[in-house]
Amino acid sequence: NQYNFAGIRITLSFIFPKTSGYFKNKSYSLNHGIEQEAVCLKEEDLELMRREYQPEEWNSTGEMKMLAPVVSDVLIKYDRMIFHSVAFIMSGRTWLLAAPSGTGKTTQYMNLKELHPDIRIICGDNPVLWFKDKTIEVHPSPWNGKENMGSAQTGILYGIILLEQGQKNAIEILDKKEAVLPIMGQINTFMKTEETVHQVCRLEQRLLESVPVWKFRNTGTMESSEMLYRHLEDCGGAEDEL
């Protein structure tokens, strides 16, 4: 079972046969890229899964979720990471909506889709970021979220919107120091080794130096999405797509 993640070919071994069904999309099953050693959940990962999920979730769904940081730990060695966010292209620019689960990423995206029908999804939950010399490319992954929003689209990252629930709607650009902790919290990795920690910090520094980060306190209403829509449109211009 070999799969392509932003140009890195990884062999995955599954405990539950049905888990392979999540990886059928051709956009990440292409037979090219740098081949890696087999990846599977280790006993320590299984123990974490038992703590995180109810017994009825110790199945292919649980394995699928737990594989994301395991795969990300492999990708990090190749200047790639899995980043917890909704990735989409709007007016030619690629954006990430990032926030902890349950904060309203999907709601905001669906509202934006209603306001801007030409918006195109890349990945609904955990896109792969590929750090190149001068750009950061955003690629799809099998981790599309429970809504299964994904495509074979790719794009060059323009900016990140950090969502935060609030009583009022307000958008402000963040200083790099302010963005360090919330951005770190969305990097999908176990960071089991000191080497991985250093690699993650290096990539996060590159991310913060490459693209702007905004904090969007919002009420989760269509009114808040209209504000976000205007903000994204005001950025103007268009990026060349890959």
# chains A, B, ... in the order shown; residues from 1 in each chain; ligands from 1
$ closest_atom_pairs --of "segment 144-202 of chain A" --to "segment 106-128 of chain A" --cutoff "12 Å" --atoms "only C-alpha atoms" --output "JSON lines"
{"residue": "A:Asn144", "atom": "CA", "partner": "A:Gly124", "partner_atom": "CA", "distance": 4.4}
{"residue": "A:Gly145", "atom": "CA", "partner": "A:Asp125", "partner_atom": "CA", "distance": 4.9}
{"residue": "A:Lys146", "atom": "CA", "partner": "A:Gly124", "partner_atom": "CA", "distance": 8.6}
{"residue": "A:Glu147", "atom": "CA", "partner": "A:Gly124", "partner_atom": "CA", "distance": 7.6}
{"residue": "A:Asn148", "atom": "CA", "partner": "A:Gly124", "partner_atom": "CA", "distance": 6.8}
{"residue": "A:Met149", "atom": "CA", "partner": "A:Gly124", "partner_atom": "CA", "distance": 4.7}
{"residue": "A:Gly150", "atom": "CA", "partner": "A:Cys123", "partner_atom": "CA", "distance": 4.4}
{"residue": "A:Ser151", "atom": "CA", "partner": "A:Ile122", "partner_atom": "CA", "distance": 5.3}
{"residue": "A:Ala152", "atom": "CA", "partner": "A:Ile122", "partner_atom": "CA", "distance": 6.8}
{"residue": "A:Gln153", "atom": "CA", "partner": "A:Ile122", "partner_atom": "CA", "distance": 5.2}
{"residue": "A:Thr154", "atom": "CA", "partner": "A:Ile122", "partner_atom": "CA", "distance": 6.3}
{"residue": "A:Gly155", "atom": "CA", "partner": "A:Ile122", "partner_atom": "CA", "distance": 8.1}
{"residue": "A:Ile156", "atom": "CA", "partner": "A:Ile122", "partner_atom": "CA", "distance": 11.2}
{"residue": "A:Leu157", "atom": "CA", "partner": "A:Val128", "partner_atom": "CA", "distance": 11.1}
{"residue": "A:Ile161", "atom": "CA", "partner": "A:Gln108", "partner_atom": "CA", "distance": 10.9}
{"residue": "A:Leu162", "atom": "CA", "partner": "A:Gln108", "partner_atom": "CA", "distance": 11.6}
{"residue": "A:Leu163", "atom": "CA", "partner": "A:Gln108", "partner_atom": "CA", "distance": 9.2}
{"residue": "A:Glu164", "atom": "CA", "partner": "A:Gln108", "partner_atom": "CA", "distance": 11.5}
{"residue": "A:Gln165", "atom": "CA", "partner": "A:Gln108", "partner_atom": "CA", "distance": 11.5}
{"residue": "A:Gln186", "atom": "CA", "partner": "A:Asn126", "partner_atom": "CA", "distance": 9.4}
{"residue": "A:Ile187", "atom": "CA", "partner": "A:Asn126", "partner_atom": "CA", "distance": 9.2}
{"residue": "A:Asn188", "atom": "CA", "partner": "A:Asn126", "partner_atom": "CA", "distance": 7.9}
{"residue": "A:Thr189", "atom": "CA", "partner": "A:Asn126", "partner_atom": "CA", "distance": 11.3}
$ closest_atom_pairs --of "segment 95-173 of chain A" --to "segment 199-218 of chain A" --cutoff "9 Å" --atoms "only C-alpha atoms" --output "JSON lines"
{"residue": "A:Phe131", "atom": "CA", "partner": "A:Leu203", "partner_atom": "CA", "distance": 7.7}
{"residue": "A:Lys134", "atom": "CA", "partner": "A:Ser210", "partner_atom": "CA", "distance": 8.3}
{"residue": "A:Thr135", "atom": "CA", "partner": "A:Ser210", "partner_atom": "CA", "distance": 7.5}
{"residue": "A:Ile136", "atom": "CA", "partner": "A:Leu207", "partner_atom": "CA", "distance": 7.8}
{"residue": "A:Leu157", "atom": "CA", "partner": "A:Val211", "partner_atom": "CA", "distance": 7.4}
{"residue": "A:Tyr158", "atom": "CA", "partner": "A:Val211", "partner_atom": "CA", "distance": 6.0}
{"residue": "A:Gly159", "atom": "CA", "partner": "A:Pro212", "partner_atom": "CA", "distance": 5.2}
{"residue": "A:Ile160", "atom": "CA", "partner": "A:Val213", "partner_atom": "CA", "distance": 4.8}
{"residue": "A:Ile161", "atom": "CA", "partner": "A:Trp214", "partner_atom": "CA", "distance": 4.9}
{"residue": "A:Leu162", "atom": "CA", "partner": "A:Lys215", "partner_atom": "CA", "distance": 4.7}
{"residue": "A:Leu163", "atom": "CA", "partner": "A:Phe216", "partner_atom": "CA", "distance": 5.0}
{"residue": "A:Glu164", "atom": "CA", "partner": "A:Arg217", "partner_atom": "CA", "distance": 4.7}
{"residue": "A:Gln165", "atom": "CA", "partner": "A:Asn218", "partner_atom": "CA", "distance": 5.2}
{"residue": "A:Gly166", "atom": "CA", "partner": "A:Asn218", "partner_atom": "CA", "distance": 5.2}
{"residue": "A:Gln167", "atom": "CA", "partner": "A:Asn218", "partner_atom": "CA", "distance": 6.9}
{"residue": "A:Lys168", "atom": "CA", "partner": "A:Asn218", "partner_atom": "CA", "distance": 5.9}
{"residue": "A:Asn169", "atom": "CA", "partner": "A:Asn218", "partner_atom": "CA", "distance": 4.3}
{"residue": "A:Ala170", "atom": "CA", "partner": "A:Arg217", "partner_atom": "CA", "distance": 5.2}
{"residue": "A:Ile171", "atom": "CA", "partner": "A:Phe216", "partner_atom": "CA", "distance": 4.5}
{"residue": "A:Glu172", "atom": "CA", "partner": "A:Lys215", "partner_atom": "CA", "distance": 5.4}
{"residue": "A:Ile173", "atom": "CA", "partner": "A:Trp214", "partner_atom": "CA", "distance": 4.2}
$ select_by_dssp --residues "segment 14-221 of chain A" --states "strand (DSSP E or B)" --output "NGL selection string"
:A and (34-39 or 80-83 or 86-90 or 93-98 or 120-123 or 128-131 or 136-139 or 150 or 155-165 or 170-173 or 187 or 213-218)
$ residues_around --residues "Phe14 of chain A" --least-positions-apart "4" --cutoff "9 Å" --atoms "only C-alpha atoms" --output "NGL selection string"
:A and (1 or 18-20 or 39-41 or 60 or 63)
$ write_last_selection --atoms "N, CA, C and O atoms" --output "tab-separated table (two decimals), in the first residue's frame"
chain	number	residue	atom	x	y	z
A	1	ASN	N	0.85	-1.19	0.00
A	1	ASN	CA	0.00	0.00	0.00
A	1	ASN	C	0.89	1.25	0.00
A	1	ASN	O	1.23	1.78	1.05
A	18	LYS	N	-10.34	-1.98	6.52
A	18	LYS	CA	-11.18	-0.92	5.98
A	18	LYS	C	-10.48	0.44	5.96
A	18	LYS	O	-10.93	1.36	5.25
A	19	THR	N	-9.39	0.59	6.72
A	19	THR	CA	-8.68	1.87	6.74
A	19	THR	C	-8.17	2.23	5.35
A	19	THR	O	-8.11	3.41	4.99
A	20	SER	N	-7.81	1.24	4.55
A	20	SER	CA	-7.27	1.52	3.22
A	20	SER	C	-8.27	2.26	2.34
A	20	SER	O	-7.89	2.95	1.39
A	39	VAL	N	5.14	2.65	7.19
A	39	VAL	CA	4.61	3.39	8.34
A	39	VAL	C	3.38	2.66	8.85
A	39	VAL	O	2.50	2.28	8.08
A	40	CYS	N	3.30	2.49	10.16
A	40	CYS	CA	2.12	1.88	10.78
A	40	CYS	C	2.05	2.38	12.21
A	40	CYS	O	2.99	2.99	12.73
A	41	LEU	N	0.93	2.14	12.85
A	41	LEU	CA	0.79	2.53	14.25
A	41	LEU	C	1.57	1.57	15.14
A	41	LEU	O	1.45	0.35	15.02
A	60	SER	N	-11.23	1.43	12.02
A	60	SER	CA	-10.54	2.08	10.91
A	60	SER	C	-10.58	3.61	11.03
A	60	SER	O	-9.63	4.29	10.64
A	63	GLU	N	-7.93	4.54	13.54
A	63	GLU	CA	-6.61	4.33	12.95
A	63	GLU	C	-6.30	5.43	11.94
A	63	GLU	O	-5.17	5.95	11.89
$ closest_residue --among "A:Gly7, A:Gly185, A:Gly220, A:Pro142" --to "Leu67 of chain A" --atoms "only C-alpha atoms"
A:Pro142
$ closest_residue --among "A:Ile89, A:Ile10, A:Ile15, A:Ala179" --to "Gly62 of chain A" --atoms "only C-alpha atoms"
A:Ile15
$ closest_residue --among "A:Pro17, A:Val86, A:Thr94, A:Leu181" --to "Asn59 of chain A" --atoms "only C-alpha atoms"
A:Pro17
$ atom_distance --atom1 "atom CA of Met66 of chain A" --atom2 "atom CA of Phe190 of chain A"
9.8 Å
$ closest_residue --among "A:Arg50, A:His84, A:Arg9, A:Lys42" --to "Leu129 of chain A" --atoms "only C-alpha atoms"
A:His84
